$ cat final-v2.txt   # compact mmCIF, N, CA and C atoms and all ligand atoms
# COMPACT_ATOMS: atom_id res chain seq x y z
N MET A 1 139.14 98.36 -71.17
CA MET A 1 139.08 97.77 -69.83
C MET A 1 138.25 98.61 -68.88
N ARG A 2 137.52 97.97 -68.03
CA ARG A 2 136.62 98.68 -67.12
C ARG A 2 137.40 99.65 -66.20
N LEU A 3 138.57 99.21 -65.73
CA LEU A 3 139.36 100.08 -64.84
C LEU A 3 139.72 101.38 -65.53
N ASP A 4 140.11 101.30 -66.80
CA ASP A 4 140.46 102.51 -67.55
C ASP A 4 139.25 103.43 -67.71
N ASP A 5 138.08 102.83 -67.94
CA ASP A 5 136.85 103.63 -68.06
C ASP A 5 136.58 104.39 -66.77
N LEU A 6 136.69 103.65 -65.65
CA LEU A 6 136.42 104.28 -64.35
C LEU A 6 137.39 105.42 -64.10
N LEU A 7 138.66 105.17 -64.39
CA LEU A 7 139.70 106.19 -64.19
C LEU A 7 139.44 107.43 -65.02
N SER A 8 139.15 107.23 -66.30
CA SER A 8 138.99 108.42 -67.14
C SER A 8 137.69 109.17 -66.80
N SER A 9 136.65 108.43 -66.38
CA SER A 9 135.42 109.11 -65.95
C SER A 9 135.67 109.98 -64.73
N LEU A 10 136.39 109.43 -63.76
CA LEU A 10 136.68 110.21 -62.54
C LEU A 10 137.50 111.44 -62.88
N LYS A 11 138.55 111.23 -63.67
CA LYS A 11 139.44 112.35 -63.99
C LYS A 11 138.72 113.42 -64.80
N SER A 12 137.91 113.00 -65.77
CA SER A 12 137.27 113.98 -66.64
C SER A 12 136.20 114.78 -65.90
N THR A 13 135.74 114.26 -64.74
CA THR A 13 134.77 115.02 -63.96
C THR A 13 135.44 115.75 -62.80
N GLY A 14 136.77 115.83 -62.87
CA GLY A 14 137.52 116.65 -61.91
C GLY A 14 137.75 116.02 -60.55
N HIS A 15 137.58 114.69 -60.46
CA HIS A 15 137.85 114.03 -59.18
C HIS A 15 139.32 113.62 -59.08
N ARG A 16 139.84 113.70 -57.87
CA ARG A 16 141.23 113.29 -57.65
C ARG A 16 141.31 111.76 -57.61
N VAL A 17 142.39 111.24 -58.12
CA VAL A 17 142.59 109.79 -58.02
C VAL A 17 143.83 109.52 -57.17
N THR A 18 143.58 109.21 -55.90
CA THR A 18 144.66 108.88 -54.97
C THR A 18 145.00 107.39 -55.13
N PRO A 19 146.15 106.96 -54.58
CA PRO A 19 146.47 105.52 -54.66
C PRO A 19 145.39 104.64 -54.02
N GLN A 20 144.80 105.11 -52.91
CA GLN A 20 143.71 104.34 -52.28
C GLN A 20 142.52 104.23 -53.22
N ARG A 21 142.19 105.36 -53.85
CA ARG A 21 141.06 105.34 -54.79
C ARG A 21 141.30 104.40 -55.95
N LEU A 22 142.51 104.45 -56.45
CA LEU A 22 142.87 103.56 -57.56
C LEU A 22 142.66 102.11 -57.15
N ALA A 23 143.08 101.79 -55.91
CA ALA A 23 142.93 100.42 -55.42
C ALA A 23 141.44 100.05 -55.31
N ILE A 24 140.61 100.99 -54.87
CA ILE A 24 139.16 100.73 -54.78
C ILE A 24 138.57 100.51 -56.17
N LEU A 25 138.99 101.35 -57.12
CA LEU A 25 138.51 101.19 -58.50
C LEU A 25 138.87 99.83 -59.04
N ARG A 26 140.10 99.40 -58.71
CA ARG A 26 140.55 98.09 -59.20
C ARG A 26 139.68 96.98 -58.63
N ILE A 27 139.40 97.05 -57.33
CA ILE A 27 138.54 96.04 -56.69
C ILE A 27 137.17 96.02 -57.37
N LEU A 28 136.61 97.21 -57.60
CA LEU A 28 135.28 97.28 -58.22
C LEU A 28 135.28 96.78 -59.65
N ALA A 29 136.34 97.10 -60.37
CA ALA A 29 136.40 96.72 -61.79
C ALA A 29 136.59 95.21 -61.95
N GLU A 30 137.23 94.59 -60.94
CA GLU A 30 137.55 93.16 -61.08
C GLU A 30 136.54 92.25 -60.41
N SER A 31 135.80 92.78 -59.43
CA SER A 31 134.95 91.93 -58.62
C SER A 31 133.62 91.63 -59.29
N ARG A 32 133.31 90.33 -59.40
CA ARG A 32 132.01 89.93 -59.95
C ARG A 32 131.01 89.68 -58.84
N GLU A 33 131.42 89.86 -57.60
CA GLU A 33 130.58 89.40 -56.50
C GLU A 33 129.70 90.50 -55.88
N HIS A 34 129.67 91.69 -56.49
CA HIS A 34 128.86 92.78 -55.96
C HIS A 34 129.20 93.02 -54.50
N PRO A 35 130.42 93.50 -54.24
CA PRO A 35 130.90 93.61 -52.86
C PRO A 35 130.18 94.69 -52.06
N SER A 36 130.15 94.49 -50.74
CA SER A 36 129.65 95.50 -49.81
C SER A 36 130.80 96.46 -49.48
N VAL A 37 130.48 97.57 -48.81
CA VAL A 37 131.53 98.50 -48.39
C VAL A 37 132.55 97.76 -47.51
N ASP A 38 132.03 96.95 -46.60
CA ASP A 38 132.90 96.22 -45.68
C ASP A 38 133.88 95.30 -46.42
N ARG A 39 133.37 94.64 -47.41
CA ARG A 39 134.19 93.74 -48.20
C ARG A 39 135.30 94.50 -48.95
N ILE A 40 134.91 95.61 -49.56
CA ILE A 40 135.88 96.44 -50.27
C ILE A 40 136.93 96.95 -49.29
N TYR A 41 136.46 97.40 -48.12
CA TYR A 41 137.34 97.95 -47.10
C TYR A 41 138.36 96.91 -46.63
N ARG A 42 137.88 95.70 -46.38
CA ARG A 42 138.79 94.65 -45.89
C ARG A 42 139.84 94.29 -46.93
N GLN A 43 139.43 94.31 -48.19
CA GLN A 43 140.38 94.01 -49.27
C GLN A 43 141.39 95.15 -49.42
N LEU A 44 140.90 96.39 -49.30
CA LEU A 44 141.74 97.57 -49.43
C LEU A 44 142.80 97.63 -48.33
N ARG A 45 142.40 97.22 -47.13
CA ARG A 45 143.29 97.31 -45.97
C ARG A 45 144.53 96.44 -46.08
N LYS A 46 144.45 95.43 -46.92
CA LYS A 46 145.64 94.58 -47.11
C LYS A 46 146.80 95.40 -47.63
N ASN A 47 146.53 96.36 -48.51
CA ASN A 47 147.59 97.20 -49.06
C ASN A 47 147.67 98.57 -48.40
N PHE A 48 146.57 99.01 -47.80
CA PHE A 48 146.55 100.32 -47.14
C PHE A 48 146.01 100.17 -45.72
N PRO A 49 146.87 99.66 -44.81
CA PRO A 49 146.40 99.30 -43.47
C PRO A 49 145.85 100.47 -42.67
N THR A 50 146.24 101.70 -42.99
CA THR A 50 145.79 102.83 -42.16
C THR A 50 144.57 103.53 -42.74
N THR A 51 144.05 103.02 -43.85
CA THR A 51 142.92 103.69 -44.49
C THR A 51 141.63 103.48 -43.69
N SER A 52 140.64 104.34 -43.89
CA SER A 52 139.39 104.23 -43.12
C SER A 52 138.22 103.91 -44.06
N PRO A 53 137.14 103.37 -43.48
CA PRO A 53 135.97 103.06 -44.32
C PRO A 53 135.44 104.30 -45.05
N ALA A 54 135.67 105.50 -44.47
CA ALA A 54 135.20 106.73 -45.11
C ALA A 54 135.76 106.89 -46.52
N THR A 55 136.99 106.42 -46.72
CA THR A 55 137.61 106.49 -48.04
C THR A 55 136.79 105.69 -49.05
N VAL A 56 136.32 104.52 -48.60
CA VAL A 56 135.52 103.67 -49.48
C VAL A 56 134.18 104.35 -49.76
N TYR A 57 133.53 104.86 -48.70
CA TYR A 57 132.24 105.55 -48.88
C TYR A 57 132.37 106.73 -49.83
N ASN A 58 133.40 107.56 -49.61
CA ASN A 58 133.58 108.74 -50.45
C ASN A 58 133.76 108.38 -51.92
N THR A 59 134.58 107.37 -52.15
CA THR A 59 134.84 106.96 -53.53
C THR A 59 133.57 106.44 -54.18
N LEU A 60 132.79 105.65 -53.42
CA LEU A 60 131.54 105.13 -53.96
C LEU A 60 130.56 106.28 -54.24
N GLU A 61 130.54 107.29 -53.37
CA GLU A 61 129.68 108.46 -53.60
C GLU A 61 130.04 109.15 -54.91
N CYS A 62 131.34 109.37 -55.13
CA CYS A 62 131.80 110.00 -56.38
C CYS A 62 131.36 109.17 -57.59
N LEU A 63 131.54 107.86 -57.49
CA LEU A 63 131.20 107.00 -58.61
C LEU A 63 129.69 106.99 -58.86
N LYS A 64 128.90 107.04 -57.79
CA LYS A 64 127.44 107.10 -57.95
C LYS A 64 127.05 108.41 -58.65
N GLU A 65 127.68 109.49 -58.20
CA GLU A 65 127.42 110.82 -58.75
C GLU A 65 127.61 110.86 -60.27
N ILE A 66 128.64 110.18 -60.74
CA ILE A 66 128.92 110.21 -62.17
C ILE A 66 128.35 108.98 -62.89
N GLY A 67 127.54 108.20 -62.17
CA GLY A 67 126.84 107.08 -62.80
C GLY A 67 127.73 105.91 -63.20
N GLU A 68 128.82 105.71 -62.44
CA GLU A 68 129.74 104.63 -62.81
C GLU A 68 129.67 103.42 -61.87
N VAL A 69 128.76 103.46 -60.91
CA VAL A 69 128.57 102.28 -60.06
C VAL A 69 127.08 102.11 -59.82
N LEU A 70 126.64 100.86 -59.77
CA LEU A 70 125.23 100.57 -59.48
C LEU A 70 125.12 100.15 -58.02
N GLU A 71 124.32 100.90 -57.24
CA GLU A 71 124.11 100.54 -55.85
C GLU A 71 122.87 99.67 -55.74
N LEU A 72 123.00 98.57 -55.02
CA LEU A 72 121.86 97.69 -54.78
C LEU A 72 121.55 97.70 -53.29
N PRO A 73 120.61 98.54 -52.87
CA PRO A 73 120.31 98.59 -51.44
C PRO A 73 119.52 97.36 -50.98
N PHE A 74 119.96 96.75 -49.90
CA PHE A 74 119.25 95.64 -49.28
C PHE A 74 119.05 95.97 -47.81
N GLY A 75 118.14 95.26 -47.14
CA GLY A 75 117.94 95.48 -45.71
C GLY A 75 119.22 95.31 -44.93
N SER A 76 120.09 94.42 -45.40
CA SER A 76 121.34 94.13 -44.70
C SER A 76 122.46 95.09 -45.10
N GLY A 77 122.17 96.06 -45.94
CA GLY A 77 123.20 97.00 -46.41
C GLY A 77 123.33 96.94 -47.91
N SER A 78 124.02 97.93 -48.47
CA SER A 78 124.12 98.00 -49.93
C SER A 78 125.24 97.14 -50.48
N ARG A 79 125.02 96.67 -51.69
CA ARG A 79 126.07 95.99 -52.45
C ARG A 79 126.28 96.79 -53.73
N TYR A 80 127.47 96.65 -54.33
CA TYR A 80 127.82 97.52 -55.44
C TYR A 80 128.31 96.74 -56.65
N ASP A 81 127.85 97.17 -57.82
CA ASP A 81 128.33 96.61 -59.08
C ASP A 81 129.08 97.71 -59.82
N GLY A 82 130.42 97.59 -59.86
CA GLY A 82 131.24 98.57 -60.54
C GLY A 82 131.58 98.14 -61.96
N ARG A 83 131.17 96.94 -62.31
CA ARG A 83 131.48 96.43 -63.65
C ARG A 83 130.41 96.87 -64.65
N ASN A 84 129.16 96.90 -64.17
CA ASN A 84 128.06 97.30 -65.04
C ASN A 84 127.14 98.25 -64.28
N PRO A 85 127.29 99.58 -64.52
CA PRO A 85 126.51 100.55 -63.75
C PRO A 85 125.07 100.71 -64.22
N ASP A 86 124.72 100.11 -65.36
CA ASP A 86 123.33 100.20 -65.84
C ASP A 86 122.47 99.19 -65.08
N PRO A 87 121.23 99.58 -64.74
CA PRO A 87 120.36 98.65 -64.01
C PRO A 87 120.23 97.33 -64.76
N HIS A 88 120.39 96.23 -64.04
CA HIS A 88 120.24 94.90 -64.65
C HIS A 88 119.79 93.93 -63.57
N PRO A 89 119.11 92.84 -63.96
CA PRO A 89 118.58 91.90 -62.97
C PRO A 89 119.67 91.06 -62.30
N HIS A 90 119.38 90.66 -61.07
CA HIS A 90 120.34 89.88 -60.29
C HIS A 90 119.70 88.63 -59.71
N LEU A 91 120.54 87.66 -59.44
CA LEU A 91 120.13 86.42 -58.79
C LEU A 91 120.83 86.39 -57.43
N VAL A 92 120.05 86.27 -56.36
CA VAL A 92 120.59 86.42 -55.01
C VAL A 92 120.42 85.12 -54.23
N CYS A 93 121.50 84.65 -53.60
CA CYS A 93 121.39 83.47 -52.72
C CYS A 93 120.95 83.92 -51.34
N THR A 94 119.84 83.36 -50.85
CA THR A 94 119.29 83.78 -49.55
C THR A 94 120.08 83.20 -48.38
N MET A 95 120.97 82.23 -48.67
CA MET A 95 121.76 81.64 -47.58
C MET A 95 123.08 82.39 -47.38
N CYS A 96 123.85 82.54 -48.46
CA CYS A 96 125.20 83.11 -48.32
C CYS A 96 125.31 84.54 -48.84
N GLY A 97 124.27 85.04 -49.50
CA GLY A 97 124.31 86.42 -49.96
C GLY A 97 125.05 86.64 -51.27
N THR A 98 125.45 85.55 -51.92
CA THR A 98 126.06 85.67 -53.24
C THR A 98 125.10 86.38 -54.20
N ILE A 99 125.63 87.30 -55.01
CA ILE A 99 124.80 87.97 -56.01
C ILE A 99 125.43 87.80 -57.38
N GLU A 100 124.66 87.26 -58.30
CA GLU A 100 125.14 87.09 -59.67
C GLU A 100 124.32 87.95 -60.62
N ASP A 101 124.96 88.34 -61.74
CA ASP A 101 124.22 89.03 -62.78
C ASP A 101 123.36 88.04 -63.54
N LEU A 102 122.16 88.47 -63.91
CA LEU A 102 121.30 87.66 -64.76
C LEU A 102 121.27 88.29 -66.14
N ASP A 103 121.42 87.47 -67.13
CA ASP A 103 121.50 87.98 -68.50
C ASP A 103 120.11 88.11 -69.11
N ILE A 104 119.32 89.02 -68.54
CA ILE A 104 117.99 89.29 -69.08
C ILE A 104 117.90 90.79 -69.33
N ASP A 105 117.47 91.17 -70.51
CA ASP A 105 117.39 92.59 -70.84
C ASP A 105 115.98 93.11 -70.57
N LEU A 106 115.85 93.94 -69.54
CA LEU A 106 114.53 94.46 -69.18
C LEU A 106 114.23 95.81 -69.84
N ARG A 107 115.20 96.32 -70.61
CA ARG A 107 114.98 97.64 -71.20
C ARG A 107 113.78 97.69 -72.14
N PRO A 108 113.57 96.63 -72.97
CA PRO A 108 112.38 96.68 -73.83
C PRO A 108 111.09 96.77 -73.02
N ALA A 109 111.03 96.05 -71.88
CA ALA A 109 109.83 96.10 -71.04
C ALA A 109 109.65 97.50 -70.45
N ALA A 110 110.78 98.11 -70.04
CA ALA A 110 110.70 99.46 -69.48
C ALA A 110 110.23 100.46 -70.55
N GLU A 111 110.76 100.30 -71.75
CA GLU A 111 110.36 101.19 -72.84
C GLU A 111 108.89 101.01 -73.19
N GLU A 112 108.46 99.75 -73.20
CA GLU A 112 107.06 99.44 -73.48
C GLU A 112 106.16 100.08 -72.44
N ALA A 113 106.53 99.97 -71.16
CA ALA A 113 105.74 100.56 -70.08
C ALA A 113 105.67 102.08 -70.25
N ALA A 114 106.81 102.67 -70.60
CA ALA A 114 106.84 104.12 -70.79
C ALA A 114 105.93 104.54 -71.94
N THR A 115 106.02 103.81 -73.05
CA THR A 115 105.24 104.17 -74.22
C THR A 115 103.76 103.94 -74.01
N SER A 116 103.39 102.74 -73.51
CA SER A 116 101.98 102.40 -73.46
C SER A 116 101.25 103.08 -72.30
N ARG A 117 101.98 103.37 -71.21
CA ARG A 117 101.31 104.00 -70.06
C ARG A 117 101.62 105.48 -69.93
N GLY A 118 102.51 105.95 -70.79
CA GLY A 118 102.85 107.37 -70.74
C GLY A 118 103.68 107.78 -69.55
N TYR A 119 104.42 106.83 -68.95
CA TYR A 119 105.27 107.17 -67.81
C TYR A 119 106.58 107.78 -68.28
N ALA A 120 107.09 108.70 -67.49
CA ALA A 120 108.42 109.25 -67.76
C ALA A 120 109.41 108.63 -66.78
N ASN A 121 110.69 108.65 -67.15
CA ASN A 121 111.75 108.20 -66.24
C ASN A 121 111.50 106.79 -65.70
N VAL A 122 111.10 105.87 -66.57
CA VAL A 122 110.85 104.49 -66.15
C VAL A 122 112.19 103.78 -65.93
N HIS A 123 112.36 103.23 -64.76
CA HIS A 123 113.58 102.45 -64.49
C HIS A 123 113.15 101.19 -63.75
N HIS A 124 114.09 100.30 -63.50
CA HIS A 124 113.69 99.04 -62.90
C HIS A 124 114.74 98.51 -61.94
N ARG A 125 114.27 97.62 -61.09
CA ARG A 125 115.16 96.88 -60.21
C ARG A 125 114.53 95.51 -60.05
N LEU A 126 115.28 94.47 -60.35
CA LEU A 126 114.72 93.12 -60.25
C LEU A 126 115.74 92.17 -59.64
N GLU A 127 115.29 91.45 -58.61
CA GLU A 127 116.12 90.38 -58.07
C GLU A 127 115.32 89.09 -58.02
N LEU A 128 115.95 88.02 -58.41
CA LEU A 128 115.38 86.70 -58.18
C LEU A 128 116.14 86.11 -57.00
N TYR A 129 115.44 85.39 -56.14
CA TYR A 129 116.06 84.81 -54.95
C TYR A 129 116.04 83.30 -54.99
N GLY A 130 117.07 82.67 -54.41
CA GLY A 130 117.10 81.23 -54.35
C GLY A 130 118.27 80.78 -53.51
N VAL A 131 118.54 79.47 -53.54
CA VAL A 131 119.67 78.90 -52.80
C VAL A 131 120.69 78.42 -53.83
N CYS A 132 121.92 78.93 -53.74
CA CYS A 132 122.94 78.63 -54.74
C CYS A 132 123.42 77.19 -54.63
N PRO A 133 124.06 76.66 -55.69
CA PRO A 133 124.51 75.26 -55.66
C PRO A 133 125.41 74.93 -54.47
N SER A 134 126.35 75.82 -54.11
CA SER A 134 127.25 75.42 -53.02
C SER A 134 126.55 75.43 -51.68
N CYS A 135 125.54 76.28 -51.49
CA CYS A 135 124.76 76.23 -50.24
C CYS A 135 123.88 74.98 -50.19
N GLN A 136 123.42 74.51 -51.35
CA GLN A 136 122.61 73.29 -51.36
C GLN A 136 123.41 72.09 -50.93
N GLU A 137 124.74 72.14 -51.17
CA GLU A 137 125.59 71.00 -50.80
C GLU A 137 125.83 70.91 -49.29
N ARG A 138 125.65 72.05 -48.61
CA ARG A 138 125.92 72.07 -47.17
C ARG A 138 124.83 71.36 -46.38
ZN ZN A 201 124.72 80.46 -51.36
ZN ZN A 202 125.31 93.19 -61.29
$ encode --input "final-v2.txt" --output "structure tokens"
Amino acid sequence: MRLDDLLSSLKSTGHRVTPQRLAILRILAESREHPSVDRIYRQLRKNFPTTSPATVYNTLECLKEIGEVLELPFGSGSRYDGRNPDPHPHLVCTMCGTIEDLDIDLRPAAEEAATSRGYANVHHRLELYGVCPSCQER
């Protein structure tokens, strides 16, 4: 389970796991919607009303440090994928901001670019944009 992976990664790298952190990990492990800090914070506050956004930021920083969360920076702020920390393509709705994973493997293209052009540390970021079905209905 993804939650167990996140927990053991944090623990094995010497990070503390507080009840708030555990709740954030759970949100990240279960959410398919690539939540923003604000979204995570609002969900967290239901169970931890006195917690602050800094708790969410700190936890995300730790997870980034150990490579267990993928940050997707946008002009409107970052979104996070805690289910799959490896770079992968996304489909973004320009109306409501929904972000879905796209099942396209770009690693062969990255490897090809590295081999044929002699680049080191080749990585990628790809988003396709459009209007999702529920926004089209509006
Ligand atoms: Zn939409
Ligand atoms: Zn994703």
$ closest_residue --input "final-v2.txt" --among "A:Leu22, A:Leu91, A:Ala54, A:Ile27" --to "ligand ZN 202 (chain A)" --atoms "only N, CA and C atoms and all ligand atoms"
A:Leu91
$ closest_residue --input "final-v2.txt" --among "A:Leu126, A:Ile99, A:Ile24, A:Val56" --to "ligand ZN 201 (chain A)" --atoms "all atoms listed in the file"
A:Ile99
$ residues_near_ligand --input "final-v2.txt" --ligand "ligand ZN 201 (chain A)" --cutoff "7 Å" --atoms "only C-alpha atoms and all ligand atoms" --output "JSON, numbers by chain"
{"A": [93, 94, 95, 96, 97, 98, 131, 132, 133, 134, 135]}
$ residues_near_ligand --input "final-v2.txt" --ligand "ligand ZN 202 (chain A)" --cutoff "6.5 Å" --atoms "all atoms listed in the file" --output "list in words"
His34, Asp81, Asn84, His88, Pro89, His90, Glu100, Asp101 and Leu102 of chain A
$ closest_residue --input "final-v2.txt" --among "A:Arg125, A:Gln20, A:Asp86, A:Met1" --to "Thr51 of chain A" --atoms "only N, CA and C atoms"
A:Gln20
$ closest_residue --input "final-v2.txt" --among "A:Ala109, A:Leu60, A:Leu128, A:Ala114" --to "Pro85 of chain A" --atoms "only C-alpha atoms"
A:Leu60
$ atom_distance --input "final-v2.txt" --atom1 "atom CA of Leu63 of chain A" --atom2 "atom CA of Leu10 of chain A"
7.5 Å
$ select_by_dssp --input "final-v2.txt" --residues "segment 21-128 of chain A" --states "helix (DSSP H, G or I)" --output "JSON list (two decimals) with N, CA and C atoms, in the frame of the given file"
[["chain", "number", "residue", "atom", "x", "y", "z"],
["A", 21, "ARG", "N", 142.19, 105.36, -53.85],
["A", 21, "ARG", "CA", 141.06, 105.34, -54.79],
["A", 21, "ARG", "C", 141.30, 104.40, -55.95],
["A", 22, "LEU", "N", 142.51, 104.45, -56.45],
["A", 22, "LEU", "CA", 142.87, 103.56, -57.56],
["A", 22, "LEU", "C", 142.66, 102.11, -57.15],
["A", 23, "ALA", "N", 143.08, 101.79, -55.91],
["A", 23, "ALA", "CA", 142.93, 100.42, -55.42],
["A", 23, "ALA", "C", 141.44, 100.05, -55.31],
["A", 24, "ILE", "N", 140.61, 100.99, -54.87],
["A", 24, "ILE", "CA", 139.16, 100.73, -54.78],
["A", 24, "ILE", "C", 138.57, 100.51, -56.17],
["A", 25, "LEU", "N", 138.99, 101.35, -57.12],
["A", 25, "LEU", "CA", 138.51, 101.19, -58.50],
["A", 25, "LEU", "C", 138.87, 99.83, -59.04],
["A", 26, "ARG", "N", 140.10, 99.40, -58.71],
["A", 26, "ARG", "CA", 140.55, 98.09, -59.20],
["A", 26, "ARG", "C", 139.68, 96.98, -58.63],
["A", 27, "ILE", "N", 139.40, 97.05, -57.33],
["A", 27, "ILE", "CA", 138.54, 96.04, -56.69],
["A", 27, "ILE", "C", 137.17, 96.02, -57.37],
["A", 28, "LEU", "N", 136.61, 97.21, -57.60],
["A", 28, "LEU", "CA", 135.28, 97.28, -58.22],
["A", 28, "LEU", "C", 135.28, 96.78, -59.65],
["A", 29, "ALA", "N", 136.34, 97.10, -60.37],
["A", 29, "ALA", "CA", 136.40, 96.72, -61.79],
["A", 29, "ALA", "C", 136.59, 95.21, -61.95],
["A", 30, "GLU", "N", 137.23, 94.59, -60.94],
["A", 30, "GLU", "CA", 137.55, 93.16, -61.08],
["A", 30, "GLU", "C", 136.54, 92.25, -60.41],
["A", 37, "VAL", "N", 130.48, 97.57, -48.81],
["A", 37, "VAL", "CA", 131.53, 98.50, -48.39],
["A", 37, "VAL", "C", 132.55, 97.76, -47.51],
["A", 38, "ASP", "N", 132.03, 96.95, -46.60],
["A", 38, "ASP", "CA", 132.90, 96.22, -45.68],
["A", 38, "ASP", "C", 133.88, 95.30, -46.42],
["A", 39, "ARG", "N", 133.37, 94.64, -47.41],
["A", 39, "ARG", "CA", 134.19, 93.74, -48.20],
["A", 39, "ARG", "C", 135.30, 94.50, -48.95],
["A", 40, "ILE", "N", 134.91, 95.61, -49.56],
["A", 40, "ILE", "CA", 135.88, 96.44, -50.27],
["A", 40, "ILE", "C", 136.93, 96.95, -49.29],
["A", 41, "TYR", "N", 136.46, 97.40, -48.12],
["A", 41, "TYR", "CA", 137.34, 97.95, -47.10],
["A", 41, "TYR", "C", 138.36, 96.91, -46.63],
["A", 42, "ARG", "N", 137.88, 95.70, -46.38],
["A", 42, "ARG", "CA", 138.79, 94.65, -45.89],
["A", 42, "ARG", "C", 139.84, 94.29, -46.93],
["A", 43, "GLN", "N", 139.43, 94.31, -48.19],
["A", 43, "GLN", "CA", 140.38, 94.01, -49.27],
["A", 43, "GLN", "C", 141.39, 95.15, -49.42],
["A", 44, "LEU", "N", 140.90, 96.39, -49.30],
["A", 44, "LEU", "CA", 141.74, 97.57, -49.43],
["A", 44, "LEU", "C", 142.80, 97.63, -48.33],
["A", 45, "ARG", "N", 142.40, 97.22, -47.13],
["A", 45, "ARG", "CA", 143.29, 97.31, -45.97],
["A", 45, "ARG", "C", 144.53, 96.44, -46.08],
["A", 53, "PRO", "N", 137.14, 103.37, -43.48],
["A", 53, "PRO", "CA", 135.97, 103.06, -44.32],
["A", 53, "PRO", "C", 135.44, 104.30, -45.05],
["A", 54, "ALA", "N", 135.67, 105.50, -44.47],
["A", 54, "ALA", "CA", 135.20, 106.73, -45.11],
["A", 54, "ALA", "C", 135.76, 106.89, -46.52],
["A", 55, "THR", "N", 136.99, 106.42, -46.72],
["A", 55, "THR", "CA", 137.61, 106.49, -48.04],
["A", 55, "THR", "C", 136.79, 105.69, -49.05],
["A", 56, "VAL", "N", 136.32, 104.52, -48.60],
["A", 56, "VAL", "CA", 135.52, 103.67, -49.48],
["A", 56, "VAL", "C", 134.18, 104.35, -49.76],
["A", 57, "TYR", "N", 133.53, 104.86, -48.70],
["A", 57, "TYR", "CA", 132.24, 105.55, -48.88],
["A", 57, "TYR", "C", 132.37, 106.73, -49.83],
["A", 58, "ASN", "N", 133.40, 107.56, -49.61],
["A", 58, "ASN", "CA", 133.58, 108.74, -50.45],
["A", 58, "ASN", "C", 133.76, 108.38, -51.92],
["A", 59, "THR", "N", 134.58, 107.37, -52.15],
["A", 59, "THR", "CA", 134.84, 106.96, -53.53],
["A", 59, "THR", "C", 133.57, 106.44, -54.18],
["A", 60, "LEU", "N", 132.79, 105.65, -53.42],
["A", 60, "LEU", "CA", 131.54, 105.13, -53.96],
["A", 60, "LEU", "C", 130.56, 106.28, -54.24],
["A", 61, "GLU", "N", 130.54, 107.29, -53.37],
["A", 61, "GLU", "CA", 129.68, 108.46, -53.60],
["A", 61, "GLU", "C", 130.04, 109.15, -54.91],
["A", 62, "CYS", "N", 131.34, 109.37, -55.13],
["A", 62, "CYS", "CA", 131.80, 110.00, -56.38],
["A", 62, "CYS", "C", 131.36, 109.17, -57.59],
["A", 63, "LEU", "N", 131.54, 107.86, -57.49],
["A", 63, "LEU", "CA", 131.20, 107.00, -58.61],
["A", 63, "LEU", "C", 129.69, 106.99, -58.86],
["A", 64, "LYS", "N", 128.90, 107.04, -57.79],
["A", 64, "LYS", "CA", 127.44, 107.10, -57.95],
["A", 64, "LYS", "C", 127.05, 108.41, -58.65],
["A", 65, "GLU", "N", 127.68, 109.49, -58.20],
["A", 65, "GLU", "CA", 127.42, 110.82, -58.75],
["A", 65, "GLU", "C", 127.61, 110.86, -60.27],
["A", 107, "ARG", "N", 115.20, 96.32, -70.61],
["A", 107, "ARG", "CA", 114.98, 97.64, -71.20],
["A", 107, "ARG", "C", 113.78, 97.69, -72.14],
["A", 108, "PRO", "N", 113.57, 96.63, -72.97],
["A", 108, "PRO", "CA", 112.38, 96.68, -73.83],
["A", 108, "PRO", "C", 111.09, 96.77, -73.02],
["A", 109, "ALA", "N", 111.03, 96.05, -71.88],
["A", 109, "ALA", "CA", 109.83, 96.10, -71.04],
["A", 109, "ALA", "C", 109.65, 97.50, -70.45],
["A", 110, "ALA", "N", 110.78, 98.11, -70.04],
["A", 110, "ALA", "CA", 110.70, 99.46, -69.48],
["A", 110, "ALA", "C", 110.23, 100.46, -70.55],
["A", 111, "GLU", "N", 110.76, 100.30, -71.75],
["A", 111, "GLU", "CA", 110.36, 101.19, -72.84],
["A", 111, "GLU", "C", 108.89, 101.01, -73.19],
["A", 112, "GLU", "N", 108.46, 99.75, -73.20],
["A", 112, "GLU", "CA", 107.06, 99.44, -73.48],
["A", 112, "GLU", "C", 106.16, 100.08, -72.44],
["A", 113, "ALA", "N", 106.53, 99.97, -71.16],
["A", 113, "ALA", "CA", 105.74, 100.56, -70.08],
["A", 113, "ALA", "C", 105.67, 102.08, -70.25],
["A", 114, "ALA", "N", 106.81, 102.67, -70.60],
["A", 114, "ALA", "CA", 106.84, 104.12, -70.79],
["A", 114, "ALA", "C", 105.93, 104.54, -71.94],
["A", 115, "THR", "N", 106.02, 103.81, -73.05],
["A", 115, "THR", "CA", 105.24, 104.17, -74.22],
["A", 115, "THR", "C", 103.76, 103.94, -74.01],
["A", 116, "SER", "N", 103.39, 102.74, -73.51],
["A", 116, "SER", "CA", 101.98, 102.40, -73.46],
["A", 116, "SER", "C", 101.25, 103.08, -72.30],
["A", 117, "ARG", "N", 101.98, 103.37, -71.21],
["A", 117, "ARG", "CA", 101.31, 104.00, -70.06],
["A", 117, "ARG", "C", 101.62, 105.48, -69.93]]
$ select_by_dssp --input "final-v2.txt" --residues "chain A" --states "strand (DSSP E or B)" --output "list in words"
Ser36, Leu70, Glu71, Leu72, Pro73, Phe74, Gly77, Ser78, Arg79, Tyr80, Asp81, His90, Leu91, Val92, Cys93, Ile99, Glu100, Asp101, Glu127, Leu128, Tyr129 and Gly130 of chain A
